[in-house]
$ cat final17.cif   # mmCIF, C-alpha atoms
data_input
#
loop_
_atom_site.label_atom_id
_atom_site.label_comp_id
_atom_site.auth_asym_id
_atom_site.auth_seq_id
_atom_site.Cartn_x
_atom_site.Cartn_y
_atom_site.Cartn_z
CA MET C 306 10.48 71.86 194.23
CA ASN C 307 13.98 71.11 195.45
CA VAL C 308 15.73 74.38 196.13
CA LEU C 309 19.49 74.65 196.59
CA ILE C 310 20.46 77.74 198.60
CA ALA C 311 24.07 78.94 198.39
CA ASP C 312 25.09 81.81 200.67
CA ASP C 313 28.15 82.32 202.86
CA GLU C 314 26.19 84.56 205.16
CA ALA C 315 24.15 82.84 207.89
CA VAL C 316 21.44 85.48 208.31
CA SER C 317 20.41 85.41 204.63
CA ARG C 318 20.66 81.63 204.53
CA LEU C 319 18.19 81.31 207.42
CA ILE C 320 15.73 83.77 205.93
CA VAL C 321 15.83 82.27 202.43
CA LYS C 322 15.41 78.78 203.88
CA LYS C 323 12.39 79.93 205.90
CA VAL C 324 10.69 81.52 202.87
CA VAL C 325 11.42 78.48 200.67
CA GLU C 326 10.06 76.02 203.24
CA ASP C 327 7.03 78.15 204.02
CA ALA C 328 6.21 78.04 200.30
CA GLY C 329 6.16 74.25 200.56
CA HIS C 330 9.50 73.48 198.93
CA ARG C 331 12.49 71.50 200.15
CA ALA C 332 15.63 73.49 200.97
CA VAL C 333 19.22 72.28 200.75
CA LEU C 334 21.85 74.63 202.16
CA ALA C 335 25.41 75.31 201.02
CA VAL C 336 27.77 77.80 202.66
CA ASN C 337 29.65 78.66 199.47
CA GLY C 338 29.61 78.10 195.73
CA ALA C 339 31.98 75.15 195.78
CA GLU C 340 29.84 73.29 198.32
CA ALA C 341 26.76 74.09 196.25
CA MET C 342 28.42 72.52 193.21
CA LEU C 343 29.21 69.39 195.25
CA LEU C 344 25.65 69.17 196.52
CA PHE C 345 24.18 69.83 193.10
CA GLU C 346 24.37 66.25 191.84
CA ARG C 347 22.93 64.76 194.99
CA ALA C 348 20.22 67.37 195.55
CA GLN C 349 19.05 67.43 191.91
CA PRO C 350 17.60 70.89 192.52
CA ASP C 351 14.88 72.44 190.40
CA VAL C 352 15.89 75.89 191.58
CA VAL C 353 19.22 77.31 192.72
CA LEU C 354 19.22 80.52 194.79
CA ALA C 355 22.80 81.77 194.95
CA ASP C 356 24.45 84.74 196.61
CA TRP C 357 26.87 86.48 194.28
CA GLN C 358 29.90 87.15 196.46
CA MET C 359 31.01 83.91 198.07
CA PRO C 360 34.44 82.50 198.77
CA GLU C 361 35.64 79.58 196.61
CA LEU C 362 33.09 79.96 193.85
CA SER C 363 30.89 83.00 193.26
CA GLY C 364 27.19 82.72 192.50
CA VAL C 365 27.76 83.75 188.91
CA GLN C 366 30.54 81.19 188.45
CA LEU C 367 28.29 78.58 190.02
CA CYS C 368 25.59 79.45 187.50
CA GLN C 369 28.05 79.12 184.62
CA LYS C 370 29.15 75.72 185.88
CA ILE C 371 25.57 74.53 186.16
CA ARG C 372 24.84 75.67 182.60
CA ALA C 373 28.00 73.94 181.36
CA LEU C 374 26.66 70.62 182.70
CA ARG C 375 23.93 70.77 180.02
CA ARG C 376 21.67 68.86 182.36
CA GLN C 377 18.65 67.41 180.62
CA ARG C 378 16.19 68.81 183.13
CA TYR C 379 16.34 72.60 183.27
CA THR C 380 17.69 74.23 186.43
CA TYR C 381 16.25 77.62 187.30
CA VAL C 382 19.00 79.84 188.71
CA ALA C 383 18.44 83.11 190.57
CA ILE C 384 21.24 85.34 191.87
CA ILE C 385 20.59 87.21 195.12
CA THR C 386 23.07 89.97 195.89
CA SER C 387 23.73 93.25 197.65
CA GLN C 388 25.52 94.40 194.50
CA ASP C 389 22.28 95.85 193.32
CA ASP C 390 23.33 97.87 190.28
CA LYS C 391 22.22 97.44 186.67
CA THR C 392 25.64 96.30 185.45
CA SER C 393 25.70 93.43 187.94
CA CYS C 394 22.19 92.43 186.95
CA ILE C 395 23.17 92.29 183.27
CA GLU C 396 26.31 90.34 184.09
CA ALA C 397 24.35 87.76 186.06
CA LEU C 398 21.72 87.30 183.36
CA ASP C 399 24.44 87.05 180.71
CA ALA C 400 26.09 84.30 182.73
CA GLY C 401 22.89 82.28 182.40
CA ALA C 402 20.89 83.32 185.46
CA ASP C 403 17.10 83.39 185.09
CA ASP C 404 16.48 85.97 187.78
CA PHE C 405 18.27 88.61 189.83
CA MET C 406 17.25 89.85 193.28
CA SER C 407 18.70 92.53 195.52
CA LYS C 408 19.49 92.18 199.19
CA PRO C 409 18.14 92.78 201.73
CA ILE C 410 15.77 89.94 200.95
CA THR C 411 12.10 90.84 201.10
CA PRO C 412 10.22 87.65 202.02
CA GLY C 413 7.18 88.58 199.92
CA GLU C 414 9.28 89.26 196.85
CA LEU C 415 11.24 86.05 197.21
CA SER C 416 8.14 83.92 197.55
CA ALA C 417 6.54 85.61 194.50
CA ARG C 418 9.67 84.97 192.47
CA LEU C 419 9.64 81.33 193.53
CA LYS C 420 6.17 81.12 192.01
CA VAL C 421 7.61 82.50 188.75
CA ALA C 422 10.31 79.84 188.86
CA LYS C 423 7.70 77.14 189.38
CA ARG C 424 5.60 78.43 186.48
CA ILE C 425 8.54 78.49 184.10
CA LEU C 426 9.74 75.04 185.13
CA GLU C 427 6.25 73.64 184.58
CA LEU C 428 6.16 75.14 181.08
CA GLN C 429 9.59 73.71 180.42
CA ALA C 430 8.41 70.27 181.50
CA GLU C 431 5.41 70.55 179.21
CA VAL C 432 7.60 71.46 176.23
CA THR C 433 9.85 68.48 176.90
CA GLN C 434 6.85 66.20 177.07
CA MET C 435 5.45 67.55 173.77
CA ARG C 436 8.79 67.04 172.13
CA GLY C 437 8.53 63.52 173.47
CA LEU C 438 5.33 62.84 171.48
CA LEU C 439 6.53 60.72 168.57
CA SER C 440 4.82 60.15 165.24
CA ILE C 441 4.99 56.44 164.60
CA CYS C 442 3.64 54.60 161.53
CA SER C 443 0.85 52.26 162.60
CA TYR C 444 1.93 49.67 160.07
CA CYS C 445 5.69 49.55 159.69
CA LYS C 446 6.43 51.24 163.06
CA LYS C 447 8.90 53.70 161.48
CA ILE C 448 9.25 57.01 163.30
CA ARG C 449 9.10 60.46 161.73
CA GLU C 450 12.33 62.36 161.93
CA GLY C 451 11.78 65.77 160.32
CA GLU C 452 10.87 64.96 156.69
CA ALA C 453 12.07 61.38 156.77
CA TRP C 454 10.79 58.19 158.36
CA VAL C 455 13.40 56.08 160.08
CA ALA C 456 13.55 52.75 161.87
CA VAL C 457 12.92 52.87 165.60
CA GLU C 458 16.44 51.52 166.29
CA GLN C 459 17.99 54.38 164.36
CA TYR C 460 15.82 57.02 166.03
CA VAL C 461 16.36 55.88 169.58
CA GLY C 462 20.01 55.00 168.99
CA LYS C 463 20.76 58.55 167.87
CA ARG C 464 19.15 60.14 170.96
CA SER C 465 20.16 57.86 173.76
CA ASP C 466 22.86 55.50 174.87
CA ALA C 467 20.61 52.50 174.18
CA SER C 468 21.84 49.89 171.74
CA PHE C 469 19.76 47.11 170.24
CA SER C 470 20.13 43.38 170.41
CA HIS C 471 17.79 41.81 167.88
CA GLY C 472 15.73 38.83 168.93
CA ILE C 473 12.20 37.61 168.39
CA CYS C 474 9.25 37.59 170.74
CA PRO C 475 7.15 34.40 171.20
CA SER C 476 4.08 35.67 169.32
CA CYS C 477 6.13 36.81 166.30
CA PHE C 478 7.93 33.47 166.35
CA GLN C 479 4.54 31.75 166.13
CA GLN C 480 3.51 34.00 163.23
CA HIS C 481 6.71 33.73 161.21
CA TYR C 482 7.68 30.17 161.98
CA PRO C 483 4.33 28.39 162.38
CA ASP C 484 6.07 25.07 161.96
CA GLY C 485 8.96 25.90 164.33
CA MET U 511 23.62 117.18 219.74
CA ALA U 512 22.81 113.59 218.85
CA ARG U 513 24.82 111.95 216.12
CA ASN U 514 24.80 108.55 214.52
CA THR U 515 27.33 105.97 215.51
CA ALA U 516 28.35 105.92 211.84
CA ASP U 517 29.50 109.54 212.14
CA VAL U 518 33.04 110.38 213.08
CA ARG U 519 33.33 112.36 216.32
CA ARG U 520 35.87 115.19 216.14
CA VAL U 521 37.91 115.81 219.25
CA LEU U 522 40.50 118.51 219.92
CA VAL U 523 43.32 117.56 222.28
CA VAL U 524 45.06 120.58 223.80
CA ASP U 525 48.34 119.78 225.55
CA ASP U 526 51.84 121.23 225.48
CA SER U 527 53.42 117.81 225.97
CA ALA U 528 53.87 115.84 222.76
CA VAL U 529 53.79 112.59 224.73
CA ASN U 530 50.45 113.45 226.35
CA GLN U 531 49.08 114.47 222.96
CA LYS U 532 50.08 111.14 221.46
CA VAL U 533 48.60 109.09 224.30
CA ALA U 534 45.27 110.94 224.23
CA LYS U 535 45.11 110.76 220.44
CA ALA U 536 45.75 107.01 220.39
CA MET U 537 43.11 106.36 223.05
CA LEU U 538 40.50 108.52 221.34
CA GLU U 539 41.14 106.91 217.98
CA ARG U 540 40.22 103.59 219.51
CA PHE U 541 36.73 105.04 219.85
CA GLY U 542 36.76 106.04 216.20
CA CYS U 543 37.31 109.73 216.91
CA LYS U 544 39.10 112.04 214.54
CA VAL U 545 41.62 113.94 216.64
CA ASP U 546 43.18 117.37 216.09
CA LEU U 547 46.04 118.59 218.23
CA ALA U 548 46.88 121.98 219.75
CA ALA U 549 50.00 122.77 221.81
CA ASN U 550 48.58 125.70 223.77
CA GLY U 551 45.44 127.68 224.51
CA ARG U 552 45.95 130.15 221.70
CA GLU U 553 46.07 127.37 219.08
CA ALA U 554 42.99 125.82 220.67
CA VAL U 555 41.01 129.06 220.36
CA THR U 556 42.02 129.43 216.71
CA LEU U 557 41.06 125.83 215.90
CA CYS U 558 37.72 126.10 217.71
CA ASN U 559 36.96 129.15 215.58
CA ALA U 560 37.74 127.33 212.38
CA GLN U 561 36.10 124.02 213.17
CA SER U 562 33.31 122.59 215.24
CA TYR U 563 34.34 119.93 217.77
CA ASP U 564 32.25 117.34 219.52
CA LEU U 565 34.65 117.48 222.46
CA VAL U 566 37.72 119.45 223.57
CA LEU U 567 40.17 117.81 225.97
CA MET U 568 41.96 120.71 227.63
CA ASP U 569 45.20 120.70 229.60
CA CYS U 570 45.28 123.50 232.18
CA GLU U 571 48.88 124.57 232.60
CA MET U 572 50.35 125.55 229.24
CA PRO U 573 52.67 128.27 227.92
CA GLU U 574 51.36 131.23 225.86
CA MET U 575 47.76 130.80 226.97
CA ASP U 576 46.66 128.33 229.63
CA GLY U 577 43.55 126.16 229.56
CA TYR U 578 41.53 128.45 231.84
CA GLU U 579 42.04 131.49 229.70
CA ALA U 580 41.48 129.51 226.49
CA THR U 581 38.19 128.18 227.84
CA ARG U 582 37.03 131.67 228.84
CA GLU U 583 37.91 132.89 225.36
CA ILE U 584 36.13 130.00 223.60
CA ARG U 585 33.03 130.52 225.75
CA ARG U 586 33.10 134.29 225.09
CA GLN U 587 33.23 133.71 221.34
CA GLU U 588 30.53 131.05 221.43
CA GLY U 589 28.16 133.30 223.38
CA GLN U 590 24.67 131.83 223.51
CA LYS U 591 24.89 130.27 220.05
CA LYS U 592 26.88 127.20 220.86
CA HIS U 593 28.39 125.15 223.64
CA THR U 594 31.33 122.89 222.80
CA PRO U 595 31.90 120.37 225.59
CA ILE U 596 35.28 121.16 227.15
CA VAL U 597 36.78 118.63 229.56
CA ALA U 598 39.84 119.52 231.61
CA ALA U 599 42.67 117.02 231.77
CA THR U 600 45.14 117.97 234.42
CA ALA U 601 47.63 116.44 236.82
CA MET U 602 47.00 119.18 239.34
CA ALA U 603 45.04 118.36 242.44
CA ASN U 604 42.02 120.48 243.44
CA ALA U 605 41.71 122.08 240.01
CA ARG U 606 38.12 120.96 239.57
CA GLU U 607 36.37 124.01 241.05
CA ARG U 608 38.48 126.41 239.04
CA CYS U 609 37.89 124.41 235.82
CA LEU U 610 34.12 124.48 236.22
CA ALA U 611 34.21 128.15 237.19
CA VAL U 612 35.82 129.20 233.90
CA GLY U 613 33.21 127.27 231.87
CA MET U 614 34.58 123.77 231.50
CA ASP U 615 32.06 120.93 231.73
CA GLU U 616 34.04 118.21 233.45
CA HIS U 617 37.41 117.48 234.92
CA LEU U 618 39.63 114.43 234.42
CA SER U 619 42.79 113.68 236.39
CA LYS U 620 45.89 112.66 234.52
CA PRO U 621 47.04 110.11 233.65
CA LEU U 622 44.06 109.54 231.36
CA THR U 623 42.54 106.10 231.11
CA VAL U 624 40.45 104.54 228.36
CA GLU U 625 37.60 104.08 230.85
CA HIS U 626 37.55 107.78 231.74
CA LEU U 627 37.59 108.79 228.10
CA ASP U 628 34.82 106.32 227.30
CA ALA U 629 32.69 107.81 230.09
CA VAL U 630 33.37 111.37 228.93
CA LEU U 631 32.60 110.51 225.30
CA SER U 632 29.34 108.81 226.17
CA ARG U 633 28.32 111.75 228.33
CA PHE U 634 29.30 114.62 226.07
CA ALA U 635 29.53 113.14 222.59
CA ALA U 636 27.14 110.21 222.81
CA ALA U 637 26.21 108.53 219.60
CA GLU U 638 22.72 107.35 218.80
CA ILE U 639 22.31 104.12 217.00
CA ARG U 640 20.05 104.06 213.97
CA ILE U 641 17.95 100.92 213.55
CA ASP U 642 15.40 100.53 210.80
CA THR U 643 12.76 98.63 212.74
CA SER U 644 10.70 97.91 209.62
CA ALA U 645 13.32 95.29 208.71
CA ILE U 646 12.70 93.47 211.99
CA GLU U 647 8.95 93.79 211.52
CA ALA U 648 9.24 92.14 208.09
CA LEU U 649 11.15 89.23 209.63
CA ARG U 650 8.71 88.98 212.50
CA GLY U 651 5.97 88.64 209.88
CA LEU U 652 7.60 85.43 208.70
CA SER U 653 6.87 83.48 211.82
CA GLU U 654 4.42 83.51 214.68
CA ASP U 655 7.07 81.84 216.72
CA ALA U 656 9.51 84.32 218.30
CA SER U 657 12.25 81.70 218.25
CA PHE U 658 12.80 82.33 214.53
CA LEU U 659 13.69 85.97 215.17
CA ARG U 660 15.93 84.91 218.04
CA GLU U 661 17.67 82.46 215.74
CA ILE U 662 18.23 85.17 213.12
CA PHE U 663 19.57 87.54 215.76
CA ALA U 664 21.95 84.88 217.11
CA ALA U 665 23.23 84.28 213.58
CA PHE U 666 23.71 88.04 213.18
CA GLU U 667 25.71 88.25 216.40
CA CYS U 668 27.99 85.48 215.13
CA SER U 669 28.38 87.25 211.78
CA LEU U 670 29.21 90.46 213.62
CA ASP U 671 31.91 88.82 215.76
CA ASP U 672 33.32 86.95 212.83
CA ALA U 673 33.37 89.98 210.52
CA LEU U 674 34.99 92.20 213.17
CA ALA U 675 37.73 89.63 213.77
CA GLN U 676 38.32 89.31 210.03
CA LEU U 677 38.35 93.09 209.55
CA ARG U 678 40.84 93.59 212.40
CA ALA U 679 43.09 90.95 210.86
CA ALA U 680 42.76 92.49 207.40
CA LEU U 681 43.65 95.88 208.86
CA LYS U 682 46.71 94.43 210.54
CA ASN U 683 47.83 92.73 207.33
CA ASP U 684 47.01 95.83 205.29
CA ASP U 685 44.85 93.62 203.08
CA ALA U 686 42.46 95.91 201.18
CA THR U 687 40.78 93.04 199.31
CA ALA U 688 39.91 91.20 202.52
CA LEU U 689 38.68 94.43 204.12
CA SER U 690 36.35 95.05 201.24
CA ARG U 691 35.11 91.46 201.07
CA HIS U 692 34.33 91.06 204.78
CA ALA U 693 32.75 94.52 204.90
CA HIS U 694 30.53 93.49 202.00
CA THR U 695 29.36 90.36 203.81
CA LEU U 696 28.58 92.24 207.02
CA LYS U 697 26.81 94.96 205.04
CA GLY U 698 24.43 92.31 203.71
CA SER U 699 23.39 90.90 207.06
CA SER U 700 23.24 94.34 208.71
CA ARG U 701 20.83 95.65 206.11
CA GLN U 702 18.73 92.55 206.51
CA LEU U 703 18.22 93.39 210.19
CA GLY U 704 17.95 97.15 209.67
CA ALA U 705 21.29 97.93 211.33
CA THR U 706 21.69 101.10 209.29
CA ASP U 707 24.80 102.52 210.97
CA VAL U 708 26.77 99.28 210.75
CA ALA U 709 25.75 98.94 207.10
CA THR U 710 26.83 102.53 206.36
CA ILE U 711 30.30 102.00 207.81
CA CYS U 712 30.63 98.67 205.98
CA GLU U 713 29.71 100.39 202.76
CA ARG U 714 32.56 102.87 203.25
CA LEU U 715 35.02 100.08 204.00
CA GLU U 716 33.82 98.09 201.02
CA ALA U 717 34.36 101.08 198.76
CA GLY U 718 37.96 101.40 200.01
CA ASP U 719 37.77 104.24 202.55
CA PRO U 720 41.12 106.07 202.75
CA GLU U 721 41.11 105.71 206.55
CA PRO U 722 40.11 102.08 207.15
CA ALA U 723 41.49 102.05 210.72
CA ARG U 724 39.12 104.83 211.75
CA GLN U 725 36.20 103.11 210.04
CA VAL U 726 36.93 99.81 211.80
CA ALA U 727 37.16 101.67 215.13
CA LEU U 728 33.79 103.31 214.39
CA LEU U 729 32.42 99.93 213.46
CA GLU U 730 33.45 98.50 216.84
CA VAL U 731 31.52 101.25 218.63
CA SER U 732 28.55 100.97 216.30
CA ALA U 733 28.47 97.17 216.43
CA ALA U 734 28.37 97.15 220.23
CA ALA U 735 25.52 99.68 220.32
CA THR U 736 23.65 97.87 217.55
CA ARG U 737 23.93 94.52 219.28
CA LYS U 738 22.53 95.97 222.47
CA ARG U 739 19.65 97.83 220.80
CA LEU U 740 18.70 95.01 218.42
CA GLY U 741 18.79 92.56 221.30
CA GLU U 742 16.29 94.73 223.16
CA ILE U 743 14.03 94.95 220.10
CA VAL U 744 14.15 91.20 219.48
CA ARG U 745 13.48 90.36 223.13
CA GLY U 746 10.68 92.92 223.18
CA ALA U 747 9.01 90.85 220.48
CA GLU U 748 8.41 87.93 222.78
#
$ encode --input "final17.cif" --output "structure tokens"
Amino acid sequence: MNVLIADDEAVSRLIVKKVVEDAGHRAVLAVNGAEAMLLFERAQPDVVLADWQMPELSGVQLCQKIRALRRQRYTYVAIITSQDDKTSCIEALDAGADDFMSKPITPGELSARLKVAKRILELQAEVTQMRGLLSICSYCKKIREGEAWVAVEQYVGKRSDASFSHGICPSCFQQHYPDG
Amino acid sequence: MARNTADVRRVLVVDDSAVNQKVAKAMLERFGCKVDLAANGREAVTLCNAQSYDLVLMDCEMPEMDGYEATREIRRQEGQKKHTPIVAATAMANARERCLAVGMDEHLSKPLTVEHLDAVLSRFAAAEIRIDTSAIEALRGLSEDASFLREIFAAFECSLDDALAQLRAALKNDDATALSRHAHTLKGSSRQLGATDVATICERLEAGDPEPARQVALLEVSAAATRKRLGEIVRGAE
């Protein structure tokens, strides 16, 4: 997995990076929330591990911004903080975080929680793929959309930016215009 | 008696000169001490009865009751139960023998210097640094290679320097928000390395301690001791 680590504090950053890399993932480091947001597009992270209290943009704000992007692929966000009270935990989860960890970081705990992240992301990918299984009529090639059957152009056009330019392929030309 | 570097050391300064009192108080506060003042021996005896001190800095020549008599009285009242370190501070030459004879523990010549006070504090009111070595062990478990631990420690030293500079500036600017924020950051890295005393002081600063200047002074003392001790532990790992 690609893991984006956002922490203004060098000691934690080094430890988190070590645990992430030892677990076989790629780590990208940011020294505050704003930098993490800038790196987000380029790094395309699967997981974001963010400290809460950072200058510029806090971990919770970063999480809210990531959620607001409505990225197609799900980003797993965990907040790591030394504000280890229940209220903070609830606030972080309410802001859209998937997990909440207290500092000091325990390497064993972090690596176990990375496994959880991986498991959930794999399930998520599976769900997306299932949703991607389309029922298509073998004869007229219409696609099922809920109760109705619609033309492939309509179905795809509604869900993506693709537009259609109608033409004819050589074999259909042969079939429909045998004298052409 | 051993105390943690996160604990405030209480010192009584006994001097009939207001200027001398102020100078001694300012110097001691740089070491994070909490200082009480007495203008003569009689006040010193009363205060020592009411409160336990880690150190008493005693002028010798004073009106009402001089330092010799006050020391004899304090020692008489303490009996075998207790022994408060009493250090004479006097401008008089050859007073040393007499000071020790009445029960004082050491003798400093005036004018006082920061170096002398530092030496006296370390000898009579030394602080012990608390390090939670299990934190280091956990980090050591992460890598066979000792260079990882060295790298972490180097990063911690930088954080320590940076945080102290920021906290001093925040103190100067009377910026409570900055004090709290930088204390929070340092608390995080200190806990990670098991620097319990530093973390404790940071916690107080983060929570808005009513005496931030004293806490920052304590932090300076604690940070120096922590750096030294942690350095030894990390190097011992190689």
$ interface_residues --input "final17.cif" --of "chain C" --to "chain U" --cutoff "7 Å" --atoms "all atoms listed in the file" --output "list of chain:residue names"
C:Glu314, C:Ala315, C:Val316, C:Ser317, C:Leu319, C:Ser387, C:Lys408, C:Pro409, C:Ile410
$ atom_distance --input "final17.cif" --atom1 "CA of Ser619 in chain U" --atom2 "CA of Leu728 in chain U"
25.9 Å
$ atom_distance --input "final17.cif" --atom1 "CA of Val523 in chain U" --atom2 "CA of Val726 in chain U"
21.6 Å
$ atom_distance --input "final17.cif" --atom1 "CA of Val333 in chain C" --atom2 "CA of Glu716 in chain U"
29.7 Å
$ resolve_selection --input "final17.cif" --expression "the PyMOL selection byres ((chain C and resi 335-341) around 7)" --output "NGL selection string"
:C and (310-313 or 333-334 or 342-345 or 359-364 or 367)
$ residues_around --input "final17.cif" --residues "range 327-332 of chain C" --least-positions-apart "6" --cutoff "8 Å" --atoms "all atoms listed in the file" --output "PDB file with C-alpha atoms, in the coordinates of the input"
ATOM      1  CA  MET C 306      10.480  71.860 194.230  1.00  0.00           C
ATOM      2  CA  ASN C 307      13.980  71.110 195.450  1.00  0.00           C
ATOM      3  CA  VAL C 308      15.730  74.380 196.130  1.00  0.00           C
ATOM      4  CA  LEU C 309      19.490  74.650 196.590  1.00  0.00           C
ATOM      5  CA  ILE C 310      20.460  77.740 198.600  1.00  0.00           C
ATOM      6  CA  SER C 416       8.140  83.920 197.550  1.00  0.00           C
TER       7      SER C 416
END
$ closest_residue --input "final17.cif" --among "C:Val352, C:Leu415, C:Ile473, C:Ala383" --to "Val321 in chain C" --atoms "only C-alpha atoms"
C:Leu415
$ closest_residue --input "final17.cif" --among "C:Met406, C:Lys323, C:Asp399, C:Gly437" --to "Leu354 in chain C" --atoms "all atoms listed in the file"
C:Met406
$ residues_around --input "final17.cif" --residues "Arg586 in chain U" --least-positions-apart "6" --cutoff "12 Å" --atoms "all atoms listed in the file" --output "PDB file with C-alpha atoms, in the coordinates of the input"
ATOM      1  CA  VAL U 555      41.010 129.060 220.360  1.00  0.00           C
ATOM      2  CA  CYS U 558      37.720 126.100 217.710  1.00  0.00           C
ATOM      3  CA  ASN U 559      36.960 129.150 215.580  1.00  0.00           C
ATOM      4  CA  GLU U 579      42.040 131.490 229.700  1.00  0.00           C
ATOM      5  CA  ALA U 580      41.480 129.510 226.490  1.00  0.00           C
ATOM      6  CA  LYS U 592      26.880 127.200 220.860  1.00  0.00           C
ATOM      7  CA  HIS U 593      28.390 125.150 223.640  1.00  0.00           C
ATOM      8  CA  THR U 594      31.330 122.890 222.800  1.00  0.00           C
ATOM      9  CA  VAL U 612      35.820 129.200 233.900  1.00  0.00           C
ATOM     10  CA  GLY U 613      33.210 127.270 231.870  1.00  0.00           C
TER      11      GLY U 613
END
$ closest_residue --input "final17.cif" --among "U:Leu715, U:Ser732, U:Arg739, U:Ala534" --to "Val624 in chain U" --atoms "all atoms listed in the file"
U:Ala534
